[in-house]
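**Q** You'll find query13.pdb just under this line, and it carries PDB, C-alpha atoms and all ligand atoms.
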```
ATOM      1  CA  PRO A1112     104.421  94.433  78.486
ATOM      2  CA  ASP A1113     105.082  90.662  78.528
ATOM      3  CA  ASN A1114     108.403  89.384  79.861
ATOM      4  CA  ARG A1115     110.115  88.314  76.611
ATOM      5  CA  GLU A1116     113.768  89.249  76.263
ATOM      6  CA  TRP A1117     114.086  93.024  75.974
ATOM      7  CA  SER A1118     117.074  94.912  74.573
ATOM      8  CA  LEU A1119     118.139  98.533  74.289
ATOM      9  CA  ASP A1120     117.065  98.584  70.608
ATOM     10  CA  ASP A1121     113.448  98.192  71.765
ATOM     11  CA  PHE A1122     113.525 101.659  73.364
ATOM     12  CA  GLU A1123     113.928 105.303  72.376
ATOM     13  CA  ILE A1124     115.779 107.020  75.226
ATOM     14  CA  GLY A1125     114.453 110.422  76.343
ATOM     15  CA  ARG A1126     115.615 112.991  78.882
ATOM     16  CA  PRO A1127     117.430 112.015  82.053
ATOM     17  CA  LEU A1128     114.990 112.026  85.003
ATOM     18  CA  GLY A1129     117.472 111.719  87.821
ATOM     19  CA  ARG A1130     120.679 110.254  89.047
ATOM     20  CA  GLY A1131     120.845 107.946  92.083
ATOM     21  CA  LYS A1132     123.937 106.602  93.821
ATOM     22  CA  PHE A1133     124.208 103.540  91.599
ATOM     23  CA  GLY A1134     122.557 104.572  88.399
ATOM     24  CA  ARG A1135     120.733 107.065  86.236
ATOM     25  CA  VAL A1136     117.062 107.018  85.303
ATOM     26  CA  TYR A1137     115.892 108.097  81.841
ATOM     27  CA  LEU A1138     112.519 108.679  80.291
ATOM     28  CA  ALA A1139     112.101 106.064  77.555
ATOM     29  CA  ARG A1140     109.541 104.766  75.105
ATOM     30  CA  GLU A1141     109.103 101.225  73.815
ATOM     31  CA  ARG A1142     109.243 101.584  70.020
ATOM     32  CA  LYS A1143     106.410  99.252  68.925
ATOM     33  CA  SER A1144     103.809  99.994  71.598
ATOM     34  CA  LYS A1145     104.907 103.621  72.174
ATOM     35  CA  TYR A1146     104.524 102.759  75.884
ATOM     36  CA  VAL A1147     106.359 105.322  78.039
ATOM     37  CA  VAL A1148     108.539 103.924  80.823
ATOM     38  CA  ALA A1149     111.436 104.977  83.055
ATOM     39  CA  LEU A1150     114.662 103.138  82.323
ATOM     40  CA  LYS A1151     117.064 102.755  85.277
ATOM     41  CA  ILE A1152     120.617 102.070  84.090
ATOM     42  CA  VAL A1153     123.131 100.564  86.526
ATOM     43  CA  PHE A1154     126.738 100.008  85.447
ATOM     44  CA  LYS A1155     128.030  96.500  86.176
ATOM     45  CA  GLN A1156     131.395  97.775  87.391
ATOM     46  CA  GLN A1157     129.516  99.948  89.921
ATOM     47  CA  ILE A1158     127.718  96.793  91.087
ATOM     48  CA  GLU A1159     131.086  95.073  91.542
ATOM     49  CA  LYS A1160     132.669  98.127  93.143
ATOM     50  CA  TYR A1161     129.882  98.687  95.682
ATOM     51  CA  ARG A1162     129.110  94.950  95.924
ATOM     52  CA  ILE A1163     125.389  95.601  95.514
ATOM     53  CA  HIS A1164     124.466  92.755  93.186
ATOM     54  CA  HIS A1165     122.518  90.993  96.007
ATOM     55  CA  GLN A1166     120.684  94.238  96.853
ATOM     56  CA  LEU A1167     119.917  94.903  93.180
ATOM     57  CA  ARG A1168     118.754  91.308  92.675
ATOM     58  CA  ARG A1169     116.526  91.638  95.759
ATOM     59  CA  GLU A1170     115.087  94.936  94.438
ATOM     60  CA  MET A1171     114.333  93.258  91.101
ATOM     61  CA  GLU A1172     112.784  90.127  92.573
ATOM     62  CA  ILE A1173     110.720  91.967  95.179
ATOM     63  CA  GLN A1174     109.494  94.901  93.106
ATOM     64  CA  SER A1175     108.637  92.786  90.044
ATOM     65  CA  GLY A1176     106.479  90.585  92.271
ATOM     66  CA  LEU A1177     104.458  93.444  93.779
ATOM     67  CA  ARG A1178     101.235  94.704  92.187
ATOM     68  CA  HIS A1179      99.674  97.660  94.012
ATOM     69  CA  PRO A1180      98.412 101.093  92.807
ATOM     70  CA  ASN A1181     100.802 102.851  95.210
ATOM     71  CA  ILE A1182     103.885 100.800  94.348
ATOM     72  CA  LEU A1183     105.908 101.652  91.234
ATOM     73  CA  ARG A1184     105.888  98.699  88.832
ATOM     74  CA  LEU A1185     109.062  96.981  87.681
ATOM     75  CA  TYR A1186     108.047  95.547  84.299
ATOM     76  CA  GLY A1187     111.280  93.716  83.532
ATOM     77  CA  TRP A1188     115.005  94.022  82.939
ATOM     78  CA  PHE A1189     117.779  93.246  80.485
ATOM     79  CA  HIS A1190     121.550  93.777  80.298
ATOM     80  CA  ASP A1191     124.381  94.337  77.844
ATOM     81  CA  ASP A1192     128.125  93.909  78.342
ATOM     82  CA  ASP A1193     128.524  96.620  80.964
ATOM     83  CA  ARG A1194     125.061  97.744  82.072
ATOM     84  CA  ILE A1195     121.867  96.407  83.662
ATOM     85  CA  PHE A1196     118.584  98.069  82.615
ATOM     86  CA  LEU A1197     115.456  98.085  84.800
ATOM     87  CA  ILE A1198     112.191  98.822  82.952
ATOM     88  CA  LEU A1199     110.152 100.802  85.491
ATOM     89  CA  GLU A1200     106.717 102.427  85.512
ATOM     90  CA  TYR A1201     106.866 106.123  84.610
ATOM     91  CA  ALA A1202     105.327 108.398  87.270
ATOM     92  CA  GLN A1203     104.502 111.637  85.511
ATOM     93  CA  GLY A1204     104.112 113.884  88.571
ATOM     94  CA  GLY A1205     107.731 113.675  89.664
ATOM     95  CA  GLU A1206     109.251 113.407  93.124
ATOM     96  CA  LEU A1207     107.119 114.041  96.201
ATOM     97  CA  TYR A1208     109.983 115.659  98.115
ATOM     98  CA  LYS A1209     110.302 118.311  95.377
ATOM     99  CA  GLU A1210     106.609 119.121  96.061
ATOM    100  CA  LEU A1211     107.401 119.290  99.781
ATOM    101  CA  GLN A1212     110.369 121.614  99.105
ATOM    102  CA  LYS A1213     108.258 123.811  96.810
ATOM    103  CA  TYR A1214     105.438 124.340  99.309
ATOM    104  CA  GLY A1215     107.507 123.998 102.518
ATOM    105  CA  HIS A1216     104.858 121.680 103.926
ATOM    106  CA  LEU A1217     101.732 119.901 102.723
ATOM    107  CA  THR A1218      98.112 120.497 103.700
ATOM    108  CA  GLU A1219      96.515 118.101 106.191
ATOM    109  CA  ARG A1220      94.402 116.697 103.365
ATOM    110  CA  GLN A1221      97.465 116.002 101.192
ATOM    111  CA  ALA A1222      99.413 114.532 104.122
ATOM    112  CA  ALA A1223      96.490 112.323 105.207
ATOM    113  CA  THR A1224      95.955 111.114 101.634
ATOM    114  CA  TYR A1225      99.634 110.170 101.220
ATOM    115  CA  ILE A1226      99.807 108.494 104.664
ATOM    116  CA  ALA A1227      96.660 106.470 103.844
ATOM    117  CA  SER A1228      98.181 105.418 100.483
ATOM    118  CA  LEU A1229     101.443 104.461 102.214
ATOM    119  CA  ALA A1230      99.576 102.474 104.887
ATOM    120  CA  GLN A1231      97.675 100.571 102.191
ATOM    121  CA  ALA A1232     100.847  99.893 100.183
ATOM    122  CA  LEU A1233     102.750  98.785 103.299
ATOM    123  CA  ALA A1234      99.867  96.530 104.439
ATOM    124  CA  TYR A1235     100.093  94.874 101.031
ATOM    125  CA  CYS A1236     103.902  94.557 101.343
ATOM    126  CA  HIS A1237     103.692  93.100 104.859
ATOM    127  CA  GLU A1238     101.116  90.546 103.624
ATOM    128  CA  LYS A1239     103.804  89.492 101.123
ATOM    129  CA  HIS A1240     106.401  89.442 103.950
ATOM    130  CA  VAL A1241     108.253  92.434 102.499
ATOM    131  CA  ILE A1242     109.558  95.235 104.738
ATOM    132  CA  HIS A1243     110.539  98.299 102.715
ATOM    133  CA  ARG A1244     112.736  99.814 105.493
ATOM    134  CA  ASP A1245     113.579 102.906 103.461
ATOM    135  CA  ILE A1246     110.399 104.886 103.018
ATOM    136  CA  LYS A1247     111.516 108.496 102.704
ATOM    137  CA  PRO A1248     110.298 111.421 100.593
ATOM    138  CA  GLU A1249     113.132 110.822  98.067
ATOM    139  CA  ASN A1250     111.686 107.369  97.355
ATOM    140  CA  LEU A1251     108.162 108.616  96.743
ATOM    141  CA  LEU A1252     106.884 109.609  93.306
ATOM    142  CA  LEU A1253     103.572 111.013  92.078
ATOM    143  CA  ASP A1254     101.610 109.859  89.046
ATOM    144  CA  HIS A1255      99.658 112.135  86.680
ATOM    145  CA  GLU A1256      96.731 112.172  89.159
ATOM    146  CA  GLY A1257      98.972 113.101  92.106
ATOM    147  CA  ARG A1258      98.693 109.532  93.457
ATOM    148  CA  LEU A1259     101.651 108.362  95.505
ATOM    149  CA  LYS A1260     104.020 105.655  94.200
ATOM    150  CA  ILE A1261     106.659 104.004  96.394
ATOM    151  CA  ALA A1262     109.822 103.532  94.320
ATOM    152  CA  ASP A1263     113.316 102.172  94.939
ATOM    153  CA  PHE A1264     113.062  98.820  96.667
ATOM    154  CA  GLY A1265     116.816  98.683  96.938
ATOM    155  CA  TRP A1266     116.702  98.365 100.727
ATOM    156  CA  SER A1267     113.607  96.226 101.103
ATOM    157  CA  VAL A1268     113.982  92.666 102.384
ATOM    158  CA  GLN A1269     111.994  89.475 102.676
ATOM    159  CA  SER A1270     110.947  89.650 106.334
ATOM    160  CA  LYS A1271     110.846  85.888 106.882
ATOM    161  CA  PHE A1272     113.507  86.403 109.550
ATOM    162  CA  LYS A1273     114.124  89.306 111.917
ATOM    163  CA  ARG A1274     116.512  91.737 110.258
ATOM    164  CA  HIS A1275     119.686  93.143 111.838
ATOM    165  CA  THR A1276     121.381  94.938 108.955
ATOM    166  CA  MET A1277     121.802  98.697 109.171
ATOM    167  CA  CYS A1278     120.387 100.595 106.188
ATOM    168  CA  GLY A1279     118.594 103.724 104.994
ATOM    169  CA  THR A1280     119.171 107.320 105.979
ATOM    170  CA  LEU A1281     119.322 108.483 109.547
ATOM    171  CA  ASP A1282     116.180 110.508 110.142
ATOM    172  CA  TYR A1283     113.836 107.665 109.319
ATOM    173  CA  LEU A1284     115.445 104.930 111.430
ATOM    174  CA  ALA A1285     113.298 103.420 114.175
ATOM    175  CA  PRO A1286     114.965 102.991 117.608
ATOM    176  CA  GLU A1287     115.332  99.216 117.223
ATOM    177  CA  MET A1288     117.231  99.786 113.954
ATOM    178  CA  VAL A1289     119.416 102.462 115.532
ATOM    179  CA  GLU A1290     120.199  99.976 118.305
ATOM    180  CA  LYS A1291     120.867  97.294 115.654
ATOM    181  CA  LYS A1292     118.324  95.150 117.470
ATOM    182  CA  ALA A1293     116.241  92.626 115.628
ATOM    183  CA  HIS A1294     113.466  94.438 113.850
ATOM    184  CA  ASP A1295     110.326  93.533 111.916
ATOM    185  CA  HIS A1296     107.755  95.265 109.755
ATOM    186  CA  ALA A1297     106.828  97.618 112.625
ATOM    187  CA  VAL A1298     109.799  99.737 111.522
ATOM    188  CA  ASP A1299     107.692 100.866 108.587
ATOM    189  CA  ASN A1300     104.960 102.028 111.020
ATOM    190  CA  TRP A1301     107.505 104.211 112.851
ATOM    191  CA  THR A1302     108.569 105.650 109.490
ATOM    192  CA  LEU A1303     104.982 106.600 108.684
ATOM    193  CA  GLY A1304     105.027 108.723 111.852
ATOM    194  CA  VAL A1305     108.266 110.386 110.755
ATOM    195  CA  LEU A1306     106.872 111.022 107.274
ATOM    196  CA  CYS A1307     103.551 112.379 108.560
ATOM    197  CA  TYR A1308     105.470 114.853 110.753
ATOM    198  CA  GLU A1309     107.719 115.847 107.824
ATOM    199  CA  PHE A1310     104.769 116.274 105.424
ATOM    200  CA  LEU A1311     103.167 118.710 107.872
ATOM    201  CA  TYR A1312     106.189 120.605 109.254
ATOM    202  CA  GLY A1313     108.584 120.315 106.296
ATOM    203  CA  VAL A1314     111.370 118.802 108.432
ATOM    204  CA  PRO A1315     111.731 115.332 109.989
ATOM    205  CA  PRO A1316     110.960 115.202 113.757
ATOM    206  CA  PHE A1317     114.425 114.188 115.027
ATOM    207  CA  GLU A1318     116.553 116.352 112.759
ATOM    208  CA  ALA A1319     119.735 117.538 114.469
ATOM    209  CA  GLU A1320     123.140 119.024 113.663
ATOM    210  CA  SER A1321     124.984 115.735 113.901
ATOM    211  CA  GLN A1322     124.241 112.066 113.332
ATOM    212  CA  SER A1323     124.862 111.247 116.989
ATOM    213  CA  ASP A1324     122.418 113.951 118.104
ATOM    214  CA  THR A1325     119.790 112.532 115.736
ATOM    215  CA  PHE A1326     120.448 109.040 117.154
ATOM    216  CA  LYS A1327     120.020 110.412 120.696
ATOM    217  CA  ARG A1328     116.771 112.183 119.760
ATOM    218  CA  ILE A1329     115.397 109.000 118.146
ATOM    219  CA  MET A1330     116.339 106.845 121.150
ATOM    220  CA  LYS A1331     114.683 109.317 123.533
ATOM    221  CA  VAL A1332     111.758 109.818 121.105
ATOM    222  CA  ASP A1333     112.492 113.498 121.649
ATOM    223  CA  LEU A1334     109.363 114.677 119.811
ATOM    224  CA  ASN A1335     108.006 118.204 119.949
ATOM    225  CA  PHE A1336     105.514 120.058 117.788
ATOM    226  CA  PRO A1337     106.333 123.635 116.672
ATOM    227  CA  ASP A1338     103.549 126.230 117.007
ATOM    228  CA  GLN A1339     103.719 126.910 113.260
ATOM    229  CA  PRO A1340     102.357 125.683 110.970
ATOM    230  CA  ASP A1341      99.242 125.115 113.042
ATOM    231  CA  VAL A1342      98.523 121.375 112.980
ATOM    232  CA  SER A1343      95.337 119.793 114.374
ATOM    233  CA  SER A1344      95.514 117.837 117.644
ATOM    234  CA  SER A1345      94.051 114.849 115.806
ATOM    235  CA  THR A1346      97.146 114.786 113.557
ATOM    236  CA  LYS A1347      99.472 115.038 116.547
ATOM    237  CA  ASP A1348      97.566 112.172 118.163
ATOM    238  CA  LEU A1349      98.287 109.925 115.157
ATOM    239  CA  ILE A1350     101.978 110.910 115.065
ATOM    240  CA  CYS A1351     102.317 110.239 118.820
ATOM    241  CA  GLN A1352     100.749 106.790 118.358
ATOM    242  CA  LEU A1353     103.308 105.917 115.673
ATOM    243  CA  LEU A1354     106.505 107.383 117.167
ATOM    244  CA  VAL A1355     106.460 104.917 120.050
ATOM    245  CA  LYS A1356     109.720 103.278 121.089
ATOM    246  CA  ASP A1357     108.185  99.893 121.852
ATOM    247  CA  SER A1358     107.497  98.600 118.340
ATOM    248  CA  SER A1359     104.681  96.354 119.589
ATOM    249  CA  LYS A1360     102.787  99.432 120.833
ATOM    250  CA  ARG A1361     102.828 101.346 117.527
ATOM    251  CA  LEU A1362      99.472 101.854 115.815
ATOM    252  CA  SER A1363      98.910  99.057 113.290
ATOM    253  CA  LEU A1364      98.500  99.878 109.597
ATOM    254  CA  GLN A1365      94.835  98.895 109.835
ATOM    255  CA  LYS A1366      94.312 101.254 112.818
ATOM    256  CA  ILE A1367      96.078 104.060 110.906
ATOM    257  CA  MET A1368      93.560 103.730 108.088
ATOM    258  CA  GLU A1369      90.725 103.882 110.663
ATOM    259  CA  HIS A1370      92.187 106.883 112.561
ATOM    260  CA  PRO A1371      89.694 109.832 112.638
ATOM    261  CA  TRP A1372      92.275 112.238 111.128
ATOM    262  CA  ILE A1373      92.808 109.889 108.158
ATOM    263  CA  VAL A1374      89.092 109.122 107.741
ATOM    264  CA  THR A1375      88.264 112.851 107.805
ATOM    265  CA  ASN A1376      91.089 114.141 105.620
ATOM    266  CA  ALA A1377      92.329 111.436 103.253
ATOM    267  CA  ASN A1378      90.974 111.415  99.709
ATOM    268  CA  PRO A1379      89.853 107.782  99.185
ATOM    269  CA  MET A1380      90.929 108.028  95.546
ATOM    270  CA  GLY A1381      94.473 108.515  96.781
ATOM    271  CA  SER A1382      94.949 111.477  94.502
ATOM    272  CA  CYS A1383      95.110 115.090  95.567
ATOM    273  CA  LYS A1384      95.949 117.803  93.088
ATOM    274  CA  SER A1385      98.495 120.023  94.861
ATOM    275  CA  GLY A1386      97.112 122.871  96.997
TER     276      GLY A1386
HETATM  277  C1  LIG B   1     111.660 105.600  88.204
HETATM  278  C2  LIG B   1     110.725 106.686  87.760
HETATM  279  C3  LIG B   1     110.935 108.039  87.810
HETATM  280  C4  LIG B   1     109.771 108.625  87.293
HETATM  281  N1  LIG B   1     109.442 109.964  87.102
HETATM  282  C5  LIG B   1     110.225 111.046  87.448
HETATM  283  N2  LIG B   1     111.368 110.853  88.121
HETATM  284  C6  LIG B   1     112.108 111.931  88.477
HETATM  285  C7  LIG B   1     113.345 111.683  89.209
HETATM  286  C8  LIG B   1     113.868 110.426  89.259
HETATM  287  C9  LIG B   1     115.098 110.104  90.002
HETATM  288  C10 LIG B   1     115.721 108.877  89.772
HETATM  289  C11 LIG B   1     116.900 108.531  90.456
HETATM  290  C12 LIG B   1     117.449 109.395  91.377
HETATM  291  C13 LIG B   1     116.816 110.623  91.622
HETATM  292  C14 LIG B   1     115.652 110.982  90.949
HETATM  293  N3  LIG B   1     111.766 113.195  88.207
HETATM  294  C15 LIG B   1     110.621 113.437  87.517
HETATM  295  C16 LIG B   1     110.271 114.773  87.224
HETATM  296  C17 LIG B   1     109.093 115.017  86.500
HETATM  297  N4  LIG B   1     108.724 116.322  86.203
HETATM  298  C18 LIG B   1     107.447 116.587  85.558
HETATM  299  C19 LIG B   1     106.570 117.247  86.590
HETATM  300  N5  LIG B   1     107.189 118.507  87.052
HETATM  301  C20 LIG B   1     106.333 119.143  88.006
HETATM  302  C21 LIG B   1     108.490 118.188  87.715
HETATM  303  C22 LIG B   1     109.429 117.484  86.761
HETATM  304  C23 LIG B   1     108.280 113.950  86.076
HETATM  305  C24 LIG B   1     108.636 112.638  86.384
HETATM  306  C25 LIG B   1     109.806 112.375  87.095
HETATM  307  N6  LIG B   1     108.929 107.650  86.980
HETATM  308  N7  LIG B   1     109.502 106.470  87.263
END
```
Once more with this new file: its structure as C-alpha cells, please.
Ligand SMILES: Cc1cc(Nc2nc(/C=C/c3ccccc3)nc3cc(N4CCN(C)CC4)ccc23)n[nH]1

**A**
Amino acid sequence: PDNREWSLDDFEIGRPLGRGKFGRVYLARERKSKYVVALKIVFKQQIEKYRIHHQLRREMEIQSGLRHPNILRLYGWFHDDDRIFLILEYAQGGELYKELQKYGHLTERQAATYIASLAQALAYCHEKHVIHRDIKPENLLLDHEGRLKIADFGWSVQSKFKRHTMCGTLDYLAPEMVEKKAHDHAVDNWTLGVLCYEFLYGVPPFEAESQSDTFKRIMKVDLNFPDQPDVSSSTKDLICQLLVKDSSKRLSLQKIMEHPWIVTNANPMGSCKSG
C-alpha cells in the first residue's frame, strides 16, 4: 500500500491476535484492496504513562525503513484522538515460540533454517546500522510458508554510537549488556547462540531460578549441554563459537552462514514446514 493518510475507516477489524505490554494486535483487512494486515493499536495515554513515545517513534522509523524477507514489514501508521495504529505485515503462521512450546524443541533442520534466516536478517540490519537487541522467540513470527519474520522493533536502536541502555529480557542479554558496558551489534551474535540453544533444547542456556543467578551464569558463560535431546557436535561447535564473552571473538554473521552445520541443515528457501 502507498503511504497516503490512512484512517480506521479504511479497515475492517478482525480477531485479536495478541496483547503486548503497550498495545493489542488485531487481524484487519483494508476495505478497497482486501489486503490482510495486522493492526497494532497503542493507546496514547499508555505512551504518556510509560514514556515510550521515543521508543515507539524509533520502532516506526526503523521498521518502516527495513525491507527484508525475514523482517516483518511496517506499511504505515495513523492516529485518532487517543490511539496510534501501526499497519503491520500479517504473518499467517503465528508465533515461533508457540511452535517451540508445542514440540518442546525443534529439529536441527528447523533450528538451522531459522538461525540462517536470522543471520541474514541481522546482517541486513547491521548494514543499515540497526541493532535489534531484543531477538527472542516471542518476537519471532512465521509466515504461511513457515518462514521466519522478526517483529517488534521496539528495542532496536540506530547503532551509530555505542549503546549503554539496559533493555530486553534477561536470558538473552550478552555479558557486555549485563555489565552495562558499551555494546555494539555483536550483542545480536551472542543472542543467536542463545536462540540456537533454546531452539534445540527448549530452554535458554543460562536459565536459573533468580535474575541474579542468570546474570552470574551469563557472566561466567556457564554453558552446558544436556544429554537429551541428542544434539550433534557440529551444532554445539556453532553455539560455543557464539556464546563467547569477548564480543570481538564471536563468530561473525557471515561465518555463521558458512558454518558446516548451517550449510548442511538449513533450508536455503528459509521455510521449513514443521516436523
Ligand atoms: C504483528 C503480526 C502478528 C501476526 N500474526 C499472528 N500474531 C499472533 C500473535 C501476536 C501478538 C501480538 C502482540 C503480543 C503478543 C502476540 N498470533 C498469531 C496466531 C496465528 N494462528 C494461526 C496459526 N495457528 C497455528 C496458530 C494461531 C496466526 C497469526 C498470528 N502477523 N503480524

**Q** When you look at Leu1311 of chain A with a cut-off of 8 Å (counting only C-alpha atoms), what residues show up, excluding the ones that are within fewer than 6 positions of it in the same chain? I need them as a PyMOL selection string.

**A** chain A and resi 1216-1219+1222+1340+1342

**Q** Would you list the residues that come within 8 Å of ligand LIG 1 (chain B)? Count all atoms listed in the file and give the answer as an MDAnalysis selection string.

**A** chainID A and resid 1128:1132 1134:1138 1148:1151 1183 1199:1206 1209 1249 1252:1254 1262:1263

**Q** Print the selection's residues with C-alpha atoms to a file, as a compact mmCIF listing (two decimals), in the coordinates of the input.

**A**
```txt
# COMPACT_ATOMS: atom_id res chain seq x y z
CA LEU A 1128 114.99 112.03 85.00
CA GLY A 1129 117.47 111.72 87.82
CA ARG A 1130 120.68 110.25 89.05
CA GLY A 1131 120.84 107.95 92.08
CA LYS A 1132 123.94 106.60 93.82
CA GLY A 1134 122.56 104.57 88.40
CA ARG A 1135 120.73 107.06 86.24
CA VAL A 1136 117.06 107.02 85.30
CA TYR A 1137 115.89 108.10 81.84
CA LEU A 1138 112.52 108.68 80.29
CA VAL A 1148 108.54 103.92 80.82
CA ALA A 1149 111.44 104.98 83.06
CA LEU A 1150 114.66 103.14 82.32
CA LYS A 1151 117.06 102.76 85.28
CA LEU A 1183 105.91 101.65 91.23
CA LEU A 1199 110.15 100.80 85.49
CA GLU A 1200 106.72 102.43 85.51
CA TYR A 1201 106.87 106.12 84.61
CA ALA A 1202 105.33 108.40 87.27
CA GLN A 1203 104.50 111.64 85.51
CA GLY A 1204 104.11 113.88 88.57
CA GLY A 1205 107.73 113.68 89.66
CA GLU A 1206 109.25 113.41 93.12
CA LYS A 1209 110.30 118.31 95.38
CA GLU A 1249 113.13 110.82 98.07
CA LEU A 1252 106.88 109.61 93.31
CA LEU A 1253 103.57 111.01 92.08
CA ASP A 1254 101.61 109.86 89.05
CA ALA A 1262 109.82 103.53 94.32
CA ASP A 1263 113.32 102.17 94.94
```

**Q** Can you list, as a compact mmCIF listing (two decimals) with C-alpha atoms, in the frame of the given file, every protein, DNA or RNA residue that comes within 8 Å of segment 1319-1326 of chain A when you count all atoms listed in the file, leaving out same-chain residues fewer than 3 positions away?

**A**
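In the end it all went to around_23.txt:
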```txt
# COMPACT_ATOMS: atom_id res chain seq x y z
CA LEU A 1281 119.32 108.48 109.55
CA ASP A 1282 116.18 110.51 110.14
CA VAL A 1289 119.42 102.46 115.53
CA ILE A 1329 115.40 109.00 118.15
CA MET A 1330 116.34 106.84 121.15
```

**Q** Might you pull out every residue within 9 Å of Leu1177 of chain A, with only C-alpha atoms counted and same-chain residues fewer than 5 positions away left off, and present them as a compact mmCIF listing (two decimals) with C-alpha atoms, keeping the file's coordinate frame?

**A**
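The resulting selection16.txt:
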```
# COMPACT_ATOMS: atom_id res chain seq x y z
CA ILE A 1182 103.88 100.80 94.35
CA LEU A 1183 105.91 101.65 91.23
CA ARG A 1184 105.89 98.70 88.83
CA LEU A 1185 109.06 96.98 87.68
CA TYR A 1235 100.09 94.87 101.03
CA CYS A 1236 103.90 94.56 101.34
CA LYS A 1239 103.80 89.49 101.12
```

**Q** Atom CA of Ser1363 of chain A to atom CA of Asn1300 of chain A: how many Å, to one decimal?

**A**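 According to the coordinates, atom CA of Ser1363 of chain A and atom CA of Asn1300 of chain A are separated by 7.1 Å.
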
**Q** I want to know what sits within 10 Å of Asp1348 of chain A, based on only C-alpha atoms, with residues of the same chain fewer than 3 positions away left out; could you give that as number ranges by chain?

**A** A: 1343-1345, 1351-1353, 1370-1372

**Q** Give as a PyMOL selection string each residue that has an atom at most 7 Å from (96.3, 99.1, 108.3) in the file, counting only C-alpha atoms.

**A** chain A and resi 1230-1231+1234+1363-1368
